[in-house]
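The next block is model-v4.cif, given as mmCIF, N, CA, C and O atoms.
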```cif
data_upload
#
loop_
_atom_site.label_atom_id
_atom_site.label_comp_id
_atom_site.auth_asym_id
_atom_site.auth_seq_id
_atom_site.Cartn_x
_atom_site.Cartn_y
_atom_site.Cartn_z
N MET A 17 -0.62 28.23 34.26
CA MET A 17 -1.33 27.92 33.04
C MET A 17 -2.80 28.28 33.22
O MET A 17 -3.41 27.95 34.22
N ARG A 18 -3.33 28.97 32.23
CA ARG A 18 -4.74 29.35 32.28
C ARG A 18 -5.61 28.20 31.81
O ARG A 18 -5.23 27.43 30.93
N THR A 19 -6.80 28.14 32.36
CA THR A 19 -7.78 27.14 31.93
C THR A 19 -8.33 27.57 30.57
O THR A 19 -8.72 28.72 30.40
N PRO A 20 -8.36 26.66 29.61
CA PRO A 20 -8.91 27.03 28.30
C PRO A 20 -10.42 27.24 28.37
O PRO A 20 -11.08 26.74 29.28
N THR A 21 -10.93 27.94 27.39
CA THR A 21 -12.38 28.11 27.29
C THR A 21 -12.98 26.86 26.65
O THR A 21 -12.27 26.06 26.04
N THR A 22 -14.29 26.73 26.79
CA THR A 22 -14.95 25.58 26.15
C THR A 22 -14.81 25.67 24.63
O THR A 22 -14.70 24.65 23.97
N GLY A 23 -14.78 26.88 24.11
CA GLY A 23 -14.58 27.06 22.67
C GLY A 23 -13.21 26.59 22.22
O GLY A 23 -13.06 25.97 21.16
N GLN A 24 -12.20 26.88 23.02
CA GLN A 24 -10.85 26.42 22.69
C GLN A 24 -10.76 24.91 22.76
O GLN A 24 -10.11 24.28 21.92
N LEU A 25 -11.42 24.32 23.74
CA LEU A 25 -11.44 22.86 23.84
C LEU A 25 -12.17 22.25 22.65
O LEU A 25 -11.74 21.24 22.09
N ARG A 26 -13.28 22.87 22.25
CA ARG A 26 -14.04 22.39 21.09
C ARG A 26 -13.16 22.43 19.83
O ARG A 26 -13.13 21.48 19.04
N THR A 27 -12.39 23.51 19.69
CA THR A 27 -11.49 23.63 18.54
C THR A 27 -10.42 22.55 18.57
O THR A 27 -10.13 21.92 17.54
N ALA A 28 -9.84 22.31 19.74
CA ALA A 28 -8.82 21.28 19.88
C ALA A 28 -9.38 19.90 19.52
O ALA A 28 -8.71 19.10 18.85
N ILE A 29 -10.60 19.65 19.94
CA ILE A 29 -11.25 18.37 19.63
C ILE A 29 -11.43 18.22 18.13
O ILE A 29 -11.13 17.16 17.56
N GLU A 30 -11.87 19.27 17.47
CA GLU A 30 -12.06 19.22 16.01
C GLU A 30 -10.73 19.01 15.30
O GLU A 30 -10.64 18.24 14.33
N VAL A 31 -9.67 19.68 15.76
CA VAL A 31 -8.35 19.52 15.16
C VAL A 31 -7.90 18.07 15.29
O VAL A 31 -7.39 17.48 14.32
N LEU A 32 -8.08 17.48 16.45
CA LEU A 32 -7.68 16.09 16.64
C LEU A 32 -8.50 15.13 15.78
O LEU A 32 -7.96 14.16 15.24
N LYS A 33 -9.79 15.40 15.63
CA LYS A 33 -10.62 14.56 14.76
C LYS A 33 -10.13 14.65 13.32
O LYS A 33 -10.02 13.62 12.63
N ASN A 34 -9.79 15.86 12.88
CA ASN A 34 -9.27 16.04 11.53
C ASN A 34 -7.92 15.34 11.36
O ASN A 34 -7.64 14.76 10.31
N LEU A 35 -7.09 15.40 12.40
CA LEU A 35 -5.81 14.70 12.36
C LEU A 35 -6.02 13.20 12.20
O LEU A 35 -5.34 12.55 11.41
N GLY A 36 -6.96 12.64 12.94
CA GLY A 36 -7.27 11.22 12.82
C GLY A 36 -7.70 10.84 11.41
O GLY A 36 -7.26 9.83 10.86
N GLU A 37 -8.55 11.68 10.82
CA GLU A 37 -8.99 11.43 9.45
C GLU A 37 -7.81 11.48 8.48
O GLU A 37 -7.68 10.65 7.58
N ARG A 38 -6.94 12.46 8.69
CA ARG A 38 -5.78 12.60 7.80
C ARG A 38 -4.84 11.40 7.93
O ARG A 38 -4.31 10.89 6.94
N ILE A 39 -4.63 10.93 9.15
CA ILE A 39 -3.78 9.76 9.36
C ILE A 39 -4.37 8.55 8.63
O ILE A 39 -3.66 7.80 7.97
N ASN A 40 -5.68 8.37 8.74
CA ASN A 40 -6.36 7.27 8.04
C ASN A 40 -6.18 7.38 6.53
O ASN A 40 -5.89 6.39 5.86
N GLU A 41 -6.40 8.57 6.01
CA GLU A 41 -6.29 8.78 4.56
C GLU A 41 -4.86 8.53 4.08
O GLU A 41 -4.66 7.88 3.04
N ASN A 42 -3.88 9.04 4.82
CA ASN A 42 -2.48 8.83 4.43
C ASN A 42 -2.11 7.35 4.48
O ASN A 42 -1.39 6.86 3.61
N ALA A 43 -2.60 6.65 5.49
CA ALA A 43 -2.30 5.22 5.60
C ALA A 43 -2.92 4.46 4.43
O ALA A 43 -2.26 3.61 3.82
N ALA A 44 -4.16 4.78 4.11
CA ALA A 44 -4.82 4.10 2.99
C ALA A 44 -4.07 4.37 1.69
O ALA A 44 -3.85 3.45 0.88
N HIS A 45 -3.65 5.59 1.50
CA HIS A 45 -2.91 5.95 0.28
C HIS A 45 -1.57 5.20 0.22
O HIS A 45 -1.18 4.70 -0.84
N SER A 46 -0.89 5.10 1.35
CA SER A 46 0.39 4.39 1.39
C SER A 46 0.21 2.91 1.08
O SER A 46 1.00 2.32 0.34
N VAL A 47 -0.83 2.31 1.63
CA VAL A 47 -1.08 0.88 1.41
C VAL A 47 -1.39 0.62 -0.06
O VAL A 47 -0.91 -0.37 -0.64
N ILE A 48 -2.16 1.50 -0.67
CA ILE A 48 -2.51 1.33 -2.09
C ILE A 48 -1.27 1.32 -2.97
O ILE A 48 -1.21 0.60 -3.96
N GLN A 49 -0.27 2.11 -2.59
CA GLN A 49 0.93 2.22 -3.42
C GLN A 49 1.92 1.07 -3.23
O GLN A 49 2.87 0.95 -4.00
N LEU A 50 1.68 0.22 -2.25
CA LEU A 50 2.61 -0.89 -2.01
C LEU A 50 2.48 -1.97 -3.08
O LEU A 50 1.38 -2.21 -3.59
N PRO A 51 3.58 -2.63 -3.39
CA PRO A 51 3.51 -3.72 -4.38
C PRO A 51 2.78 -4.92 -3.78
O PRO A 51 2.77 -5.12 -2.56
N GLU A 52 2.18 -5.69 -4.65
CA GLU A 52 1.51 -6.91 -4.19
C GLU A 52 2.56 -8.01 -4.06
O GLU A 52 2.89 -8.70 -5.03
N SER A 53 3.09 -8.10 -2.88
CA SER A 53 4.12 -9.09 -2.58
C SER A 53 4.08 -9.37 -1.09
O SER A 53 3.35 -8.72 -0.34
N ARG A 54 4.87 -10.35 -0.68
CA ARG A 54 4.92 -10.65 0.75
C ARG A 54 5.43 -9.45 1.53
O ARG A 54 4.89 -9.09 2.58
N PHE A 55 6.46 -8.79 1.00
CA PHE A 55 7.00 -7.60 1.65
C PHE A 55 5.94 -6.50 1.71
O PHE A 55 5.76 -5.85 2.74
N GLY A 56 5.21 -6.30 0.62
CA GLY A 56 4.15 -5.30 0.58
C GLY A 56 3.06 -5.59 1.60
O GLY A 56 2.58 -4.69 2.30
N ASP A 57 2.69 -6.86 1.71
CA ASP A 57 1.67 -7.27 2.69
C ASP A 57 2.14 -7.02 4.12
O ASP A 57 1.37 -6.56 4.97
N GLN A 58 3.42 -7.35 4.39
CA GLN A 58 3.96 -7.13 5.73
C GLN A 58 4.00 -5.63 6.07
O GLN A 58 3.66 -5.23 7.18
N HIS A 59 4.41 -4.85 5.11
CA HIS A 59 4.48 -3.41 5.33
C HIS A 59 3.08 -2.83 5.52
O HIS A 59 2.87 -1.96 6.37
N ALA A 60 2.12 -3.32 4.75
CA ALA A 60 0.73 -2.86 4.89
C ALA A 60 0.19 -3.19 6.28
O ALA A 60 -0.49 -2.36 6.90
N ALA A 61 0.52 -4.36 6.78
CA ALA A 61 0.08 -4.76 8.11
C ALA A 61 0.69 -3.85 9.17
O ALA A 61 0.02 -3.45 10.14
N ARG A 62 1.96 -3.48 8.99
CA ARG A 62 2.62 -2.59 9.93
C ARG A 62 1.98 -1.20 9.90
O ARG A 62 1.73 -0.59 10.94
N ILE A 63 1.70 -0.71 8.70
CA ILE A 63 1.04 0.60 8.55
C ILE A 63 -0.32 0.57 9.24
O ILE A 63 -0.68 1.49 9.97
N GLU A 64 -1.07 -0.50 9.01
CA GLU A 64 -2.40 -0.62 9.61
C GLU A 64 -2.32 -0.64 11.14
O GLU A 64 -3.07 0.06 11.83
N SER A 65 -1.36 -1.40 11.67
CA SER A 65 -1.19 -1.49 13.11
C SER A 65 -0.82 -0.14 13.72
O SER A 65 -1.39 0.28 14.73
N GLN A 66 0.10 0.56 13.09
CA GLN A 66 0.51 1.88 13.58
C GLN A 66 -0.63 2.88 13.49
O GLN A 66 -0.81 3.70 14.40
N THR A 67 -1.40 2.79 12.43
CA THR A 67 -2.53 3.71 12.26
C THR A 67 -3.57 3.48 13.35
O THR A 67 -4.07 4.43 13.96
N ILE A 68 -3.88 2.23 13.61
CA ILE A 68 -4.86 1.90 14.66
C ILE A 68 -4.37 2.43 16.01
O ILE A 68 -5.15 3.01 16.77
N GLU A 69 -3.09 2.27 16.30
CA GLU A 69 -2.53 2.74 17.56
C GLU A 69 -2.60 4.27 17.66
O GLU A 69 -2.98 4.81 18.71
N GLN A 70 -2.25 4.96 16.59
CA GLN A 70 -2.28 6.42 16.59
C GLN A 70 -3.71 6.93 16.77
O GLN A 70 -3.96 7.86 17.55
N ILE A 71 -4.64 6.32 16.05
CA ILE A 71 -6.05 6.74 16.15
C ILE A 71 -6.57 6.49 17.57
O ILE A 71 -7.30 7.32 18.13
N ALA A 72 -6.18 5.38 18.18
CA ALA A 72 -6.62 5.08 19.55
C ALA A 72 -6.10 6.15 20.52
O ALA A 72 -6.84 6.60 21.41
N ARG A 73 -4.85 6.56 20.35
CA ARG A 73 -4.30 7.61 21.22
C ARG A 73 -5.06 8.92 21.03
O ARG A 73 -5.37 9.60 22.01
N ILE A 74 -5.33 9.25 19.80
CA ILE A 74 -6.06 10.49 19.50
C ILE A 74 -7.45 10.44 20.14
O ILE A 74 -7.90 11.40 20.76
N LYS A 75 -8.13 9.30 20.01
CA LYS A 75 -9.47 9.16 20.60
C LYS A 75 -9.43 9.28 22.12
O LYS A 75 -10.34 9.84 22.72
N THR A 76 -8.36 8.79 22.73
CA THR A 76 -8.21 8.91 24.18
C THR A 76 -8.09 10.38 24.58
O THR A 76 -8.74 10.84 25.52
N VAL A 77 -7.28 11.12 23.85
CA VAL A 77 -7.10 12.54 24.16
C VAL A 77 -8.41 13.30 23.90
O VAL A 77 -8.79 14.18 24.68
N ILE A 78 -9.10 12.96 22.81
CA ILE A 78 -10.39 13.60 22.53
C ILE A 78 -11.35 13.37 23.68
O ILE A 78 -12.03 14.30 24.13
N ALA A 79 -11.42 12.16 24.17
CA ALA A 79 -12.32 11.84 25.29
C ALA A 79 -11.95 12.66 26.53
O ALA A 79 -12.83 13.17 27.24
N GLN A 80 -10.66 12.81 26.79
CA GLN A 80 -10.22 13.60 27.93
C GLN A 80 -10.61 15.07 27.77
O GLN A 80 -11.07 15.71 28.71
N LEU A 81 -10.41 15.60 26.56
CA LEU A 81 -10.78 17.00 26.30
C LEU A 81 -12.29 17.21 26.40
O LEU A 81 -12.74 18.22 26.94
N GLU A 82 -13.06 16.25 25.89
CA GLU A 82 -14.52 16.36 25.99
C GLU A 82 -14.96 16.33 27.45
O GLU A 82 -15.86 17.09 27.85
N SER A 83 -14.32 15.51 28.24
CA SER A 83 -14.65 15.44 29.67
C SER A 83 -14.32 16.77 30.35
O SER A 83 -15.12 17.29 31.14
N TRP A 84 -13.17 17.32 30.04
CA TRP A 84 -12.76 18.60 30.61
C TRP A 84 -13.73 19.70 30.20
O TRP A 84 -14.15 20.52 31.01
N ARG A 85 -14.10 19.69 28.91
CA ARG A 85 -15.06 20.68 28.41
C ARG A 85 -16.39 20.57 29.15
O ARG A 85 -16.97 21.58 29.57
N ASP A 86 -16.86 19.34 29.36
CA ASP A 86 -18.12 19.14 30.07
C ASP A 86 -18.03 19.62 31.52
O ASP A 86 -18.99 20.20 32.05
N GLU A 87 -16.88 19.38 32.16
CA GLU A 87 -16.68 19.87 33.53
C GLU A 87 -16.75 21.40 33.57
O GLU A 87 -17.36 21.97 34.48
N LEU A 88 -16.10 22.04 32.61
CA LEU A 88 -16.11 23.51 32.57
C LEU A 88 -17.52 24.04 32.33
O LEU A 88 -17.92 25.04 32.95
N LYS A 89 -18.27 23.37 31.48
CA LYS A 89 -19.66 23.79 31.24
C LYS A 89 -20.47 23.67 32.53
O LYS A 89 -21.25 24.55 32.85
N GLN A 90 -20.28 22.57 33.23
CA GLN A 90 -21.01 22.34 34.49
C GLN A 90 -20.64 23.40 35.52
O GLN A 90 -21.51 23.94 36.21
N GLU A 91 -19.35 23.72 35.63
CA GLU A 91 -18.91 24.75 36.56
C GLU A 91 -19.53 26.09 36.22
O GLU A 91 -19.96 26.84 37.10
N ARG A 92 -19.59 26.40 34.92
CA ARG A 92 -20.17 27.66 34.47
C ARG A 92 -21.66 27.71 34.84
O ARG A 92 -22.15 28.73 35.31
N ARG A 93 -22.36 26.59 34.65
CA ARG A 93 -23.78 26.55 35.00
C ARG A 93 -23.96 26.78 36.49
O ARG A 93 -24.88 27.50 36.91
N GLN A 94 -23.11 26.19 37.29
CA GLN A 94 -23.21 26.35 38.75
C GLN A 94 -22.93 27.79 39.15
O GLN A 94 -23.59 28.33 40.04
N CYS A 95 -21.97 28.43 38.50
CA CYS A 95 -21.65 29.83 38.81
C CYS A 95 -22.81 30.73 38.46
O CYS A 95 -23.17 31.64 39.21
N VAL A 96 -23.43 30.49 37.30
CA VAL A 96 -24.57 31.28 36.87
C VAL A 96 -25.72 31.10 37.83
O VAL A 96 -26.38 32.06 38.24
N THR A 97 -25.97 29.87 38.26
CA THR A 97 -27.06 29.57 39.19
C THR A 97 -26.82 30.26 40.53
O THR A 97 -27.75 30.81 41.13
N GLN A 98 -25.59 30.30 41.00
CA GLN A 98 -25.27 30.92 42.28
C GLN A 98 -25.39 32.45 42.22
O GLN A 98 -25.70 33.08 43.21
N HIS A 99 -25.15 33.02 41.04
CA HIS A 99 -25.21 34.46 40.89
C HIS A 99 -26.65 34.97 40.76
O HIS A 99 -26.91 36.14 40.97
N VAL A 100 -27.55 34.09 40.41
CA VAL A 100 -28.95 34.50 40.20
C VAL A 100 -29.71 34.57 41.49
O VAL A 100 -29.48 34.41 42.54
#
```

Can you turn what I pasted into structure tokens?
Amino acid sequence: MRTPTTGQLRTAIEVLKNLGERINENAAHSVIQLPESRFGDQHAARIESQTIEQIARIKTVIAQLESWRDELKQERRQCVTQHV
């Protein structure tokens, strides 16, 4: 497997951020459409819980990608410094 470029990592990070926003928007839209009842409230709570969990996972992966990107940038700086 080849190491991705910092640009590819930046793109992946943006895609994941957009995915998180889309998940939030879809959850909000779903909750709005639920009937005002005990069942609707329970379902809304489940949607909210699942959304929070999904967003947390996405944020974890984003943090890992950002860390990897920063490592690659640092390595590149060190290579440039050694070549000069």

I'd like the neighbourhood of stretch 19-29 of chain A as a ChimeraX atom specification, where a residue qualifies if any of its atoms comes within 6 Å (using all atoms listed in the file), though same-chain residues fewer than 5 positions away should be ignored.
/A:34,78,81,85

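Coordinates place atom O of A:Arg73 at a distance of 9.7 Å from atom N of A:Lys33.
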
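Our summary of the geometry notes that atom CA of A:Asn42 is positioned 9.9 Å from atom CA of A:Ile63.
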
Can you list, as a PyMOL selection string, every protein, DNA or RNA residue that comes within 6 Å of A:Ile74 when you count only N, CA, C and O atoms, leaving out same-chain residues fewer than 5 positions away?
chain A and resi 32+69+79

Could you save those same residues with N, CA, C and O atoms as a CSV table (one decimal), in the coordinates of the input?
```csv
chain,number,residue,atom,x,y,z
A,32,LEU,N,-8.1,17.5,16.4
A,32,LEU,CA,-7.7,16.1,16.6
A,32,LEU,C,-8.5,15.1,15.8
A,32,LEU,O,-8.0,14.2,15.2
A,69,GLU,N,-3.1,2.3,16.3
A,69,GLU,CA,-2.5,2.7,17.6
A,69,GLU,C,-2.6,4.3,17.7
A,69,GLU,O,-3.0,4.8,18.7
A,79,ALA,N,-11.4,12.2,24.2
A,79,ALA,CA,-12.3,11.8,25.3
A,79,ALA,C,-12.0,12.7,26.5
A,79,ALA,O,-12.8,13.2,27.2
```

Smallest atom-to-atom distance to A:Leu35: which of A:Val77, A:Ser83, A:Leu88, A:Ile71, using all atoms listed in the file?
A:Ile71

Edge lengths and centre in Å, axis-aligned, stretch 78-91 of chain A plus 3 Å each side, as lines of an AutoDock Vina configuration file:
```
center_x = -15.3
center_y = 19.3
center_z = 29.8
size_x = 18.4
size_y = 21.0
size_z = 20.6
```

Select, from A:Ile48, A:Gly36, A:Glu87, A:Cys95, the residue with the minimum atom-to-atom distance to A:Gln70, counting all atoms listed in the file.
A:Gly36

Name all residues at most 10 Å from A:Glu64 (count only C-alpha atoms; drop same-chain ones fewer than 3 positions away) and give them as a ChimeraX atom specification.
/A:40,43-44,47,58-61,67-70

Please, what distance in Å, to one decimal, runs between atom N of A:Arg54 and atom O of A:Arg38?
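Taking atom N of A:Arg54 and atom O of A:Arg38, their separation equals 24.4 Å.
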
Which of A:Glu52, A:Glu30, A:Glu41, A:Asp57 sits closest to A:Glu82 [using only C-alpha atoms]:
A:Glu30
